[in-house]
$ cat run.tsv   # TSV, C-alpha atoms
chain	number	residue	atom	x	y	z
O	178	MET	CA	48.12	144.16	100.45
O	179	ASP	CA	49.75	146.20	97.67
O	180	GLU	CA	47.30	146.31	94.78
O	181	ASN	CA	50.18	146.65	92.29
O	182	ILE	CA	51.58	143.18	93.07
O	183	ALA	CA	50.82	140.71	90.27
O	184	VAL	CA	49.01	137.59	91.35
O	185	GLU	CA	49.65	134.30	89.50
O	186	GLU	CA	46.59	132.77	87.97
O	187	ASP	CA	45.58	129.20	88.72
O	188	PRO	CA	46.63	126.65	86.09
O	189	PRO	CA	44.04	126.02	83.39
O	190	PRO	CA	41.47	123.39	84.36
O	191	ASP	CA	41.20	119.98	82.73
O	192	GLY	CA	39.68	120.16	79.30
O	193	ALA	CA	41.12	123.62	78.58
O	194	VAL	CA	42.51	124.61	75.20
O	195	GLY	CA	45.02	122.03	73.99
O	196	GLY	CA	43.67	119.22	76.11
O	197	ASP	CA	42.24	117.40	73.10
O	198	VAL	CA	45.59	117.67	71.33
O	199	VAL	CA	47.38	116.09	74.27
O	200	ASP	CA	44.78	113.31	74.39
O	201	ARG	CA	45.29	112.63	70.70
O	202	LEU	CA	49.06	112.58	71.19
O	203	ARG	CA	48.66	109.99	73.93
O	204	SER	CA	46.28	107.95	71.81
O	205	SER	CA	48.69	108.00	68.86
O	206	GLU	CA	51.51	106.87	71.15
O	207	ILE	CA	49.49	103.87	72.29
O	208	GLN	CA	48.80	103.05	68.64
O	209	ARG	CA	52.55	103.30	67.93
O	210	CYS	CA	53.27	100.89	70.78
O	211	ARG	CA	50.67	98.41	69.51
O	212	LEU	CA	52.09	98.67	66.01
O	213	ALA	CA	55.51	97.83	67.46
O	214	VAL	CA	54.01	94.71	69.07
O	215	GLU	CA	52.51	93.74	65.71
O	216	GLN	CA	55.82	94.26	63.91
O	217	TYR	CA	57.66	92.12	66.46
O	218	ALA	CA	55.04	89.38	66.04
O	219	LEU	CA	55.33	89.50	62.26
O	220	ALA	CA	59.12	89.32	62.37
O	221	ALA	CA	58.97	86.30	64.66
O	222	ASP	CA	56.40	84.68	62.35
O	223	LEU	CA	58.60	85.24	59.27
O	224	LEU	CA	61.54	83.66	61.06
O	225	ARG	CA	59.40	80.68	62.05
O	226	GLN	CA	58.20	80.22	58.45
O	227	ARG	CA	61.73	80.40	57.03
O	228	VAL	CA	63.10	77.91	59.57
O	229	CYS	CA	60.24	75.46	58.94
O	230	GLU	CA	60.62	75.54	55.16
O	231	ARG	CA	64.39	75.12	55.37
O	232	VAL	CA	64.17	72.26	57.83
O	233	ALA	CA	61.74	70.56	55.42
O	234	ALA	CA	64.12	71.20	52.53
O	235	GLY	CA	67.07	69.68	54.39
O	236	VAL	CA	69.02	72.92	54.60
O	237	PRO	CA	71.90	72.74	57.15
O	238	GLN	CA	71.01	74.16	60.55
O	239	ASP	CA	73.53	76.97	60.36
O	240	ARG	CA	71.57	78.39	57.39
O	241	TRP	CA	68.04	78.14	58.81
O	242	GLN	CA	67.91	81.82	59.73
O	243	GLN	CA	70.08	83.15	56.90
O	244	GLY	CA	68.66	86.20	55.13
O	245	VAL	CA	65.69	86.69	57.46
O	246	ALA	CA	67.12	89.86	58.96
O	247	GLY	CA	67.72	91.11	55.42
O	248	GLU	CA	64.05	90.59	54.52
O	249	VAL	CA	62.94	92.40	57.66
O	250	ALA	CA	65.38	95.22	56.97
O	251	LEU	CA	64.02	95.82	53.48
O	252	ALA	CA	60.42	95.72	54.72
O	253	LEU	CA	61.03	98.18	57.58
O	254	HIS	CA	63.55	100.35	55.69
O	255	ILE	CA	66.26	99.81	58.31
O	256	SER	CA	69.80	98.43	58.16
O	257	PRO	CA	70.32	94.65	58.31
O	258	ASN	CA	72.25	94.93	61.58
O	259	THR	CA	69.37	96.85	63.15
O	260	ALA	CA	66.95	94.30	61.73
O	261	GLY	CA	68.97	91.43	63.16
O	262	ARG	CA	68.63	92.87	66.63
O	263	PHE	CA	64.94	93.50	65.98
O	264	VAL	CA	64.34	89.84	65.07
O	265	ALA	CA	66.20	88.67	68.16
O	266	ARG	CA	64.01	90.90	70.35
O	267	ALA	CA	60.91	89.64	68.57
O	268	VAL	CA	61.77	86.03	69.44
O	269	GLU	CA	62.57	86.94	73.05
O	270	LEU	CA	59.31	88.85	73.54
O	271	GLU	CA	57.25	86.04	72.06
O	272	LYS	CA	58.91	83.19	73.93
O	273	HIS	CA	59.92	84.51	77.32
O	274	MET	CA	58.63	88.04	78.03
O	275	PRO	CA	54.80	88.10	78.09
O	276	HIS	CA	54.58	90.86	80.71
O	277	THR	CA	56.99	93.11	78.81
O	278	ARG	CA	54.99	92.54	75.65
O	279	ALA	CA	51.78	93.43	77.51
O	280	ARG	CA	53.28	96.64	78.89
O	281	LEU	CA	54.35	97.64	75.38
O	282	TYR	CA	50.91	96.84	73.96
O	283	ASN	CA	49.20	98.98	76.60
O	284	GLY	CA	51.57	101.90	76.05
O	285	ASP	CA	53.14	101.61	79.51
O	286	LEU	CA	56.54	101.08	77.85
O	287	SER	CA	57.72	102.91	74.76
O	288	PRO	CA	59.21	100.99	71.81
O	289	GLU	CA	62.54	102.66	72.63
O	290	ALA	CA	62.54	101.06	76.09
O	291	ILE	CA	62.39	97.49	74.80
O	292	PRO	CA	66.01	97.26	73.51
O	293	ALA	CA	67.37	98.63	76.80
O	294	LEU	CA	65.27	96.26	78.87
O	295	LEU	CA	66.03	93.11	76.91
O	296	ALA	CA	69.72	93.89	76.51
O	297	GLY	CA	70.06	94.26	80.28
O	298	LEU	CA	68.73	90.73	80.80
O	299	SER	CA	70.33	88.93	77.87
O	300	HIS	CA	73.06	87.29	79.96
O	301	LEU	CA	70.59	85.56	82.31
O	302	ASP	CA	69.24	82.08	81.67
O	303	ILE	CA	65.66	81.59	80.49
O	304	SER	CA	64.08	81.06	83.90
O	305	GLU	CA	65.83	84.15	85.29
O	306	ARG	CA	64.73	86.28	82.33
O	307	GLN	CA	61.16	85.13	82.86
O	308	GLN	CA	61.40	86.02	86.54
O	309	ALA	CA	62.81	89.43	85.69
O	310	ASP	CA	60.00	89.94	83.19
O	311	GLU	CA	57.47	89.36	85.97
O	312	GLU	CA	59.26	91.54	88.53
O	313	LEU	CA	59.74	94.45	86.18
O	314	CYS	CA	56.60	94.40	84.07
O	315	ALA	CA	53.79	92.44	85.74
O	316	ASP	CA	52.81	95.63	87.61
O	317	PRO	CA	52.62	98.69	85.31
O	318	ALA	CA	53.64	100.94	88.19
O	319	THR	CA	57.09	99.37	88.57
O	320	LEU	CA	58.65	101.24	85.65
O	321	THR	CA	56.29	104.21	85.50
O	322	GLY	CA	58.08	107.53	85.09
O	323	LEU	CA	61.53	106.07	84.46
O	324	GLY	CA	63.61	107.49	81.62
O	325	LEU	CA	65.74	105.14	79.54
O	326	LYS	CA	68.84	105.58	81.73
O	327	GLN	CA	66.83	105.01	84.91
O	328	LEU	CA	65.13	102.00	83.36
O	329	ALA	CA	68.49	100.51	82.36
O	330	ALA	CA	69.76	101.02	85.91
O	331	LYS	CA	66.66	99.33	87.32
O	332	VAL	CA	67.09	96.39	84.97
O	333	GLU	CA	70.76	96.12	85.97
O	334	GLN	CA	69.78	95.96	89.65
O	335	VAL	CA	67.25	93.19	89.05
O	336	ALA	CA	69.68	91.23	86.87
O	337	TYR	CA	72.40	91.49	89.51
O	338	ARG	CA	70.06	90.26	92.25
O	339	LEU	CA	68.94	87.30	90.14
O	340	ASP	CA	72.45	86.23	89.12
O	341	ALA	CA	75.26	88.35	90.52
O	342	GLN	CA	78.07	86.25	89.08
O	343	ALA	CA	76.64	86.24	85.55
O	344	THR	CA	76.21	90.01	85.70
O	345	VAL	CA	79.78	90.53	86.90
O	346	ASP	CA	81.08	88.12	84.24
O	347	ARG	CA	79.14	89.94	81.51
O	348	ASN	CA	80.62	93.30	82.49
O	349	ALA	CA	84.10	91.78	82.58
O	350	ALA	CA	83.63	90.11	79.19
O	351	ALA	CA	82.43	93.37	77.64
O	352	GLU	CA	86.03	94.62	77.74
O	353	LYS	CA	86.74	92.54	74.64
O	354	ASP	CA	84.31	94.78	72.71
O	355	ARG	CA	86.48	97.87	73.12
O	356	THR	CA	86.89	99.59	69.79
O	357	VAL	CA	87.27	102.84	67.89
O	358	THR	CA	84.63	104.01	65.41
O	359	LEU	CA	84.31	106.89	62.98
O	360	ARG	CA	80.95	108.34	61.90
O	361	PRO	CA	80.51	111.30	59.54
O	362	GLN	CA	78.53	114.21	60.98
O	363	PRO	CA	76.87	117.21	59.33
O	364	GLU	CA	78.81	120.33	58.36
O	365	GLY	CA	82.04	118.59	57.45
O	366	MET	CA	82.59	117.11	60.90
O	367	ALA	CA	83.10	113.52	62.04
O	368	ARG	CA	82.73	111.78	65.38
O	369	LEU	CA	85.67	109.62	66.47
O	370	SER	CA	84.51	107.43	69.35
O	371	LEU	CA	86.36	105.14	71.72
O	372	LEU	CA	84.47	102.36	73.47
O	373	LEU	CA	86.49	101.56	76.59
O	374	PRO	CA	86.00	99.96	79.98
O	375	MET	CA	84.34	102.49	82.28
O	376	ALA	CA	87.41	103.17	84.44
O	377	GLN	CA	89.62	103.78	81.41
O	378	ALA	CA	87.06	106.02	79.73
O	379	VAL	CA	86.53	108.10	82.86
O	380	GLY	CA	90.29	108.38	83.36
O	381	ALA	CA	90.90	109.48	79.77
O	382	TYR	CA	88.14	112.08	79.94
O	383	ALA	CA	89.41	113.39	83.27
O	384	ALA	CA	92.94	113.70	81.90
O	385	LEU	CA	91.74	115.70	78.90
O	386	ARG	CA	89.56	117.92	81.06
O	387	ASN	CA	92.29	118.55	83.63
O	388	HIS	CA	94.74	119.49	80.87
O	389	ALA	CA	92.19	121.83	79.31
O	390	ASP	CA	91.43	123.46	82.67
O	391	THR	CA	95.07	124.51	83.00
O	392	HIS	CA	95.04	126.23	79.61
O	393	VAL	CA	91.53	127.63	79.14
O	394	GLY	CA	91.64	131.41	78.98
O	395	HIS	CA	95.44	131.46	78.76
O	396	ASP	CA	96.25	130.41	75.20
O	397	GLN	CA	96.45	132.94	72.38
O	398	GLU	CA	93.56	131.43	70.43
O	399	LEU	CA	91.18	131.71	73.42
O	400	ARG	CA	89.88	128.21	72.79
O	401	THR	CA	87.00	126.91	74.85
O	402	ARG	CA	87.39	123.94	77.17
O	403	PRO	CA	85.72	121.51	74.69
O	404	GLN	CA	87.95	122.81	71.88
O	405	LEU	CA	91.05	122.37	74.01
O	406	MET	CA	90.01	118.84	74.96
O	407	ALA	CA	89.42	117.91	71.32
O	408	ASP	CA	92.74	119.41	70.18
O	409	THR	CA	94.61	117.70	73.01
O	410	ALA	CA	93.05	114.33	72.15
O	411	PHE	CA	94.08	114.76	68.51
O	412	ALA	CA	97.62	115.72	69.47
O	413	ARG	CA	98.03	112.78	71.85
O	414	LEU	CA	96.62	110.29	69.38
O	415	THR	CA	98.60	111.44	66.35
O	416	GLY	CA	101.66	113.15	67.80
O	417	ARG	CA	100.83	116.24	65.71
O	418	ASP	CA	99.40	119.61	66.56
O	419	ALA	CA	95.77	119.98	65.49
O	420	ALA	CA	96.65	123.06	63.42
O	421	ASP	CA	99.13	121.05	61.34
O	422	GLY	CA	96.55	118.60	60.06
O	423	GLN	CA	97.29	114.96	59.37
O	424	PRO	CA	98.83	113.15	56.38
O	425	VAL	CA	96.04	111.48	54.50
O	426	ALA	CA	95.46	109.60	51.26
O	427	VAL	CA	92.46	111.41	49.83
O	428	ASN	CA	89.96	109.49	47.72
O	429	LEU	CA	87.86	112.45	46.68
O	430	THR	CA	85.03	112.10	44.20
O	431	VAL	CA	84.43	115.46	42.55
O	432	SER	CA	84.24	116.82	39.03
O	433	ALA	CA	87.36	118.55	37.72
O	434	GLU	CA	85.36	121.71	37.04
O	435	VAL	CA	84.26	121.91	40.67
O	436	LEU	CA	87.62	120.97	42.19
O	437	LEU	CA	89.85	123.13	40.01
O	438	GLY	CA	87.48	125.99	39.24
O	439	ASP	CA	85.07	128.05	41.23
O	440	GLN	CA	81.84	126.30	40.28
O	441	PRO	CA	79.42	125.37	43.07
O	442	GLY	CA	78.87	121.73	43.86
O	443	THR	CA	79.68	118.96	46.31
O	444	ALA	CA	82.36	116.32	46.69
O	445	HIS	CA	82.42	112.96	48.44
O	446	LEU	CA	85.36	112.06	50.67
O	447	ASP	CA	85.76	108.32	51.05
O	448	GLY	CA	85.04	107.58	54.71
O	449	GLY	CA	83.99	111.15	55.41
O	450	GLY	CA	80.80	111.72	53.43
O	451	VAL	CA	79.54	114.61	51.32
O	452	MET	CA	81.06	118.06	51.69
O	453	PRO	CA	80.67	121.41	49.91
O	454	ALA	CA	83.13	122.09	47.10
O	455	GLU	CA	84.64	124.97	49.05
O	456	ILE	CA	85.55	122.62	51.91
O	457	ALA	CA	86.93	120.03	49.49
O	458	ARG	CA	89.15	122.60	47.78
O	459	ASP	CA	90.35	123.84	51.16
O	460	LEU	CA	91.11	120.28	52.26
O	461	ILE	CA	93.14	119.58	49.12
O	462	GLY	CA	94.85	122.96	49.30
O	463	LYS	CA	96.01	122.52	52.88
O	464	ALA	CA	97.12	118.96	52.31
O	465	THR	CA	99.07	119.61	49.13
O	466	ALA	CA	100.73	122.64	50.71
O	467	LYS	CA	102.29	120.23	53.20
O	468	GLY	CA	103.03	117.62	50.53
O	469	VAL	CA	100.87	114.98	52.18
O	470	ALA	CA	97.91	114.49	49.84
O	471	TRP	CA	97.41	111.92	47.12
O	472	VAL	CA	94.46	112.46	44.82
O	473	ARG	CA	92.89	109.87	42.54
O	474	ARG	CA	90.58	111.01	39.78
O	475	LEU	CA	87.29	109.22	39.39
O	476	PHE	CA	85.99	109.64	35.85
O	477	ILE	CA	82.23	110.06	35.45
O	478	ALA	CA	79.81	110.54	32.60
O	479	PRO	CA	78.79	114.21	32.87
O	480	GLU	CA	75.25	113.63	31.61
O	481	THR	CA	74.41	110.90	34.17
O	482	GLY	CA	76.99	111.09	36.95
O	483	ALA	CA	77.78	107.40	36.43
O	484	VAL	CA	81.28	106.09	37.21
O	485	VAL	CA	83.16	104.90	34.12
O	486	ALA	CA	86.82	104.65	35.20
O	487	MET	CA	89.45	105.71	37.73
O	488	ASP	CA	93.13	106.50	37.87
O	489	SER	CA	94.96	103.59	39.46
O	490	ARG	CA	98.50	103.12	40.65
O	491	GLN	CA	97.79	99.42	40.95
O	492	ARG	CA	99.04	97.04	38.26
O	493	LEU	CA	96.78	94.17	39.29
O	494	PHE	CA	93.42	94.76	37.64
O	495	PRO	CA	91.22	93.17	40.37
O	496	ASP	CA	92.62	95.48	43.05
O	497	GLY	CA	92.02	98.56	40.94
O	498	LEU	CA	88.54	97.32	40.05
O	499	ALA	CA	87.66	96.85	43.69
O	500	ASP	CA	88.72	100.45	44.34
O	501	VAL	CA	86.49	101.72	41.52
O	502	ILE	CA	83.49	99.79	42.85
O	503	ARG	CA	84.03	100.97	46.42
O	504	LEU	CA	84.36	104.61	45.42
O	505	ARG	CA	81.40	104.37	43.05
O	506	ASP	CA	79.08	102.81	45.63
O	507	ARG	CA	80.37	104.68	48.73
O	508	TYR	CA	78.31	102.60	51.16
O	509	CYS	CA	76.81	99.09	51.19
O	510	ARG	CA	74.51	98.91	48.18
O	511	THR	CA	71.66	97.16	50.00
O	512	PRO	CA	68.78	99.66	50.34
O	513	TYR	CA	68.66	101.38	53.76
O	514	CYS	CA	72.03	99.93	54.80
O	515	ASP	CA	74.68	102.64	55.15
O	516	ALA	CA	77.38	100.36	56.57
O	517	PRO	CA	80.93	100.64	55.21
O	518	ILE	CA	81.74	98.39	52.26
O	519	ALA	CA	83.54	95.24	53.37
O	520	HIS	CA	83.18	92.96	50.34
O	521	THR	CA	83.32	93.46	46.58
O	522	ASP	CA	80.51	91.17	45.49
O	523	HIS	CA	79.49	89.59	42.19
O	524	VAL	CA	75.87	90.63	41.54
O	525	THR	CA	75.44	87.50	39.43
O	526	PRO	CA	77.51	84.92	41.33
O	527	HIS	CA	80.78	83.87	39.77
O	528	ALA	CA	79.71	80.24	40.15
O	529	LYS	CA	76.76	80.99	37.85
O	530	GLY	CA	78.84	82.64	35.18
O	531	GLY	CA	78.93	86.16	36.58
O	532	ALA	CA	81.83	88.23	35.25
O	533	THR	CA	84.43	89.95	37.40
O	534	SER	CA	83.62	93.38	36.02
O	535	LEU	CA	82.55	96.87	36.99
O	536	GLU	CA	79.05	96.16	35.71
O	537	ASN	CA	78.67	92.92	37.68
O	538	GLY	CA	80.29	94.25	40.86
O	539	GLN	CA	78.79	95.92	43.90
O	540	GLY	CA	80.05	96.92	47.31
O	541	LEU	CA	78.35	95.23	50.27
O	542	CYS	CA	78.87	94.98	54.00
O	543	ALA	CA	79.58	91.49	55.32
O	544	ALA	CA	76.06	90.99	56.69
O	545	CYS	CA	74.35	91.88	53.40
O	546	ASN	CA	76.72	89.75	51.35
O	547	TYR	CA	75.93	86.81	53.62
O	548	ALA	CA	72.18	87.46	53.47
O	549	LYS	CA	71.99	87.47	49.66
O	550	GLU	CA	73.39	83.94	49.59
O	551	ALA	CA	70.32	82.62	51.43
O	552	PRO	CA	67.86	80.39	49.55
O	553	GLY	CA	65.37	82.32	47.45
O	554	TRP	CA	67.40	85.52	47.00
O	555	ARG	CA	68.21	86.70	43.46
O	556	SER	CA	70.13	89.73	42.21
O	557	ALA	CA	70.83	91.11	38.76
O	558	THR	CA	71.98	94.35	37.16
O	559	VAL	CA	69.28	96.20	35.23
O	560	ASP	CA	69.07	99.29	33.07
O	561	ASP	CA	67.91	102.44	34.81
O	562	PRO	CA	66.78	105.75	33.30
O	563	SER	CA	69.49	107.51	35.32
O	564	GLY	CA	72.20	105.64	33.41
O	565	ARG	CA	73.90	104.75	36.69
O	566	HIS	CA	74.73	101.26	37.92
O	567	THR	CA	71.53	99.64	39.21
O	568	VAL	CA	70.99	96.32	40.97
O	569	GLU	CA	67.60	94.66	41.33
O	570	THR	CA	67.25	92.26	44.27
O	571	ARG	CA	64.37	89.83	44.64
O	572	THR	CA	63.70	88.35	48.09
O	573	PRO	CA	62.18	84.89	48.76
O	574	THR	CA	58.71	86.46	48.99
O	575	GLY	CA	59.01	87.91	45.48
O	576	HIS	CA	59.40	91.50	46.66
O	577	VAL	CA	61.73	93.51	44.44
O	578	HIS	CA	64.11	96.22	45.63
O	579	ARG	CA	66.32	98.46	43.48
O	580	SER	CA	69.62	100.02	44.39
O	581	THR	CA	71.14	102.71	42.17
O	582	ALA	CA	74.69	103.94	42.63
O	583	PRO	CA	75.01	107.56	43.81
O	584	ASN	CA	75.16	110.38	41.29
O	585	GLN	CA	78.84	111.28	41.49
O	586	ALA	CA	78.25	114.67	39.89
O	587	ALA	CA	75.68	115.81	42.46

$ encode --input "run.tsv" --output "structure tokens"
Amino acid sequence: MDENIAVEEDPPPDGAVGGDVVDRLRSSEIQRCRLAVEQYALAADLLRQRVCERVAAGVPQDRWQQGVAGEVALALHISPNTAGRFVARAVELEKHMPHTRARLYNGDLSPEAIPALLAGLSHLDISERQQADEELCADPATLTGLGLKQLAAKVEQVAYRLDAQATVDRNAAAEKDRTVTLRPQPEGMARLSLLLPMAQAVGAYAALRNHADTHVGHDQELRTRPQLMADTAFARLTGRDAADGQPVAVNLTVSAEVLLGDQPGTAHLDGGGVMPAEIARDLIGKATAKGVAWVRRLFIAPETGAVVAMDSRQRLFPDGLADVIRLRDRYCRTPYCDAPIAHTDHVTPHAKGGATSLENGQGLCAACNYAKEAPGWRSATVDDPSGRHTVETRTPTGHVHRSTAPNQAA
């Protein structure tokens, strides 16, 4: 045997360096799983308490659960929509899924697996969900080693076997949920997503890829396949070449010194998020060069960054006021909710004498506006050292949460 040939060493034995770290990681993961079980139990308990007190108070049934997701959202620092799904899972785990709950408590399932598992069974009736719970989670080995996609596939198989028609009907009904969404991304990018039936989505992707394959390496710009696919999608959706841009009404919040000069800073594009001043100036420059940009000035107090007024082409004051509030608040004003603004809300309700004014207005998503109307919720504007518009919300438990409008000058 050639003595110069390197020989691989055996792997380090159990208990070697780093073994204690791995053990602690595993222990902390089990603690995280048990904390998730506790949080689910607490959410279900809060819902039960709210329903009981409202039943006793004679509140109509359609308002028994109102605002509960909002309370959970504020406690967990998550959005109300996320909290609503969390509460629904909490009830399902407590009532119908004892084996799933046990697997989570023991660390056999991660907290991230629970939404995928429960969502895959949600169309079944109670007895079928309970049967699926036993088949999937009574034995810890059943789901051992499965990633989230594999777990979802396994759940789909079990659901189909328990009720094939309901599973087929659910998939067919999902077509009504097709939609288009826009989410800002870092570095001045945004993700435009289409939720389509599987066959349509696969067909659209294949068409874009096939088109790109015929041009990659042959166009003058030497664009990559992903770049060609993105540019082709833009062109087919808008009827314009990607290099030509797109006509757009720009609601850009930025100081005049930053926009018109060369000072550093950031701007906020309504619907697009924060961007460096250089990008904002480039956006305006390209748009105005083609005669397709409309810019509204948002006036702010330089010492605090608080919104004080806005140019408006509207003659009707309420419409212009709603624009000011939306551009001032940017996103839903409820803490931890970054949903788009859907409603211009009176902080102090109009029915209780609240004025229709900039000071008494706030932008909310529909879910948060609905939640704050639940019994026991109170909101009021308060002074804040920042000088910016601040709302103080008190939940039925007496917990207080503050929301301050963004600093428009930052």

$ atom_distance --input "run.tsv" --atom1 "CA of Gly261 in chain O" --atom2 "CA of Gln242 in chain O"
10.3 Å

$ residues_around --input "run.tsv" --residues "Asn537 in chain O" --least-positions-apart "6" --cutoff "12 Å" --atoms "all atoms listed in the file" --output "ChimeraX atom specification"
/O:498-499,502,521-527,530-531,556-559,566-569

$ write_last_selection --input "run.tsv" --atoms "C-alpha atoms" --output "PDB file, in the frame of the given file"
ATOM      1  CA  LEU O 498      88.540  97.320  40.050  1.00  0.00           C
ATOM      2  CA  ALA O 499      87.660  96.850  43.690  1.00  0.00           C
ATOM      3  CA  ILE O 502      83.490  99.790  42.850  1.00  0.00           C
ATOM      4  CA  THR O 521      83.320  93.460  46.580  1.00  0.00           C
ATOM      5  CA  ASP O 522      80.510  91.170  45.490  1.00  0.00           C
ATOM      6  CA  HIS O 523      79.490  89.590  42.190  1.00  0.00           C
ATOM      7  CA  VAL O 524      75.870  90.630  41.540  1.00  0.00           C
ATOM      8  CA  THR O 525      75.440  87.500  39.430  1.00  0.00           C
ATOM      9  CA  PRO O 526      77.510  84.920  41.330  1.00  0.00           C
ATOM     10  CA  HIS O 527      80.780  83.870  39.770  1.00  0.00           C
ATOM     11  CA  GLY O 530      78.840  82.640  35.180  1.00  0.00           C
ATOM     12  CA  GLY O 531      78.930  86.160  36.580  1.00  0.00           C
ATOM     13  CA  SER O 556      70.130  89.730  42.210  1.00  0.00           C
ATOM     14  CA  ALA O 557      70.830  91.110  38.760  1.00  0.00           C
ATOM     15  CA  THR O 558      71.980  94.350  37.160  1.00  0.00           C
ATOM     16  CA  VAL O 559      69.280  96.200  35.230  1.00  0.00           C
ATOM     17  CA  HIS O 566      74.730 101.260  37.920  1.00  0.00           C
ATOM     18  CA  THR O 567      71.530  99.640  39.210  1.00  0.00           C
ATOM     19  CA  VAL O 568      70.990  96.320  40.970  1.00  0.00           C
ATOM     20  CA  GLU O 569      67.600  94.660  41.330  1.00  0.00           C
TER      21      GLU O 569
END

$ closest_residue --input "run.tsv" --among "O:Ala367, O:Lys326, O:His300, O:Leu372" --to "Val345 in chain O" --atoms "all atoms listed in the file"
O:His300

$ closest_residue --input "run.tsv" --among "O:Arg262, O:Gly195, O:Ala220, O:Ala341" --to "Glu248 in chain O" --atoms "all atoms listed in the file"
O:Ala220

$ closest_residue --input "run.tsv" --among "O:Thr409, O:Asn283, O:Cys545, O:Pro257" --to "His388 in chain O" --atoms "all atoms listed in the file"
O:Thr409

$ residues_around --input "run.tsv" --residues "range 570-572 of chain O" --least-positions-apart "5" --cutoff "9 Å" --atoms "all atoms listed in the file" --output "ChimeraX atom specification"
/O:244,247-248,511,549,553-558,577-580

$ axis_aligned_box --input "run.tsv" --around "range 517-529 of chain O" --padding-each-side "8 Å" --output "lines of an AutoDock Vina configuration file"
center_x = 79.5
center_y = 90.4
center_z = 46.5
size_x = 24.1
size_y = 36.4
size_z = 33.4

$ residues_around --input "run.tsv" --residues "range 333-335 of chain O" --least-positions-apart "5" --cutoff "9 Å" --atoms "only C-alpha atoms" --output "PDB file with C-alpha atoms, in the frame of the given file"
ATOM      1  CA  LEU O 294      65.270  96.260  78.870  1.00  0.00           C
ATOM      2  CA  GLY O 297      70.060  94.260  80.280  1.00  0.00           C
ATOM      3  CA  LEU O 298      68.730  90.730  80.800  1.00  0.00           C
ATOM      4  CA  ALA O 309      62.810  89.430  85.690  1.00  0.00           C
ATOM      5  CA  GLU O 312      59.260  91.540  88.530  1.00  0.00           C
ATOM      6  CA  LEU O 313      59.740  94.450  86.180  1.00  0.00           C
ATOM      7  CA  LEU O 328      65.130 102.000  83.360  1.00  0.00           C
ATOM      8  CA  ASP O 340      72.450  86.230  89.120  1.00  0.00           C
ATOM      9  CA  THR O 344      76.210  90.010  85.700  1.00  0.00           C
TER      10      THR O 344
END

$ atom_distance --input "run.tsv" --atom1 "CA of Ser299 in chain O" --atom2 "CA of Ala551 in chain O"
27.2 Å

$ residues_around --input "run.tsv" --residues "range 249-256 of chain O" --least-positions-apart "6" --cutoff "10 Å" --atoms "only C-alpha atoms" --output "mmCIF file with C-alpha atoms, in the coordinates of the input"
data_model
loop_
_atom_site.group_PDB
_atom_site.id
_atom_site.type_symbol
_atom_site.label_atom_id
_atom_site.label_comp_id
_atom_site.auth_asym_id
_atom_site.auth_seq_id
_atom_site.Cartn_x
_atom_site.Cartn_y
_atom_site.Cartn_z
ATOM 1 C CA GLN O 216 55.820 94.260 63.910
ATOM 2 C CA LEU O 219 55.330 89.500 62.260
ATOM 3 C CA ALA O 220 59.120 89.320 62.370
ATOM 4 C CA LEU O 223 58.600 85.240 59.270
ATOM 5 C CA LEU O 224 61.540 83.660 61.060
ATOM 6 C CA PHE O 263 64.940 93.500 65.980
ATOM 7 C CA VAL O 264 64.340 89.840 65.070
ATOM 8 C CA CYS O 509 76.810 99.090 51.190
ATOM 9 C CA THR O 511 71.660 97.160 50.000
ATOM 10 C CA PRO O 512 68.780 99.660 50.340
ATOM 11 C CA TYR O 513 68.660 101.380 53.760
ATOM 12 C CA CYS O 514 72.030 99.930 54.800
ATOM 13 C CA ASP O 515 74.680 102.640 55.150
ATOM 14 C CA ALA O 516 77.380 100.360 56.570
ATOM 15 C CA ALA O 544 76.060 90.990 56.690
ATOM 16 C CA CYS O 545 74.350 91.880 53.400
ATOM 17 C CA THR O 572 63.700 88.350 48.090
ATOM 18 C CA HIS O 576 59.400 91.500 46.660
ATOM 19 C CA VAL O 577 61.730 93.510 44.440
ATOM 20 C CA HIS O 578 64.110 96.220 45.630
#

$ residues_around --input "run.tsv" --residues "Ala213 in chain O" --least-positions-apart "6" --cutoff "10 Å" --atoms "all atoms listed in the file" --output "MDAnalysis selection string"
chainID O and resid 207 219 267 278 281:282 287:289
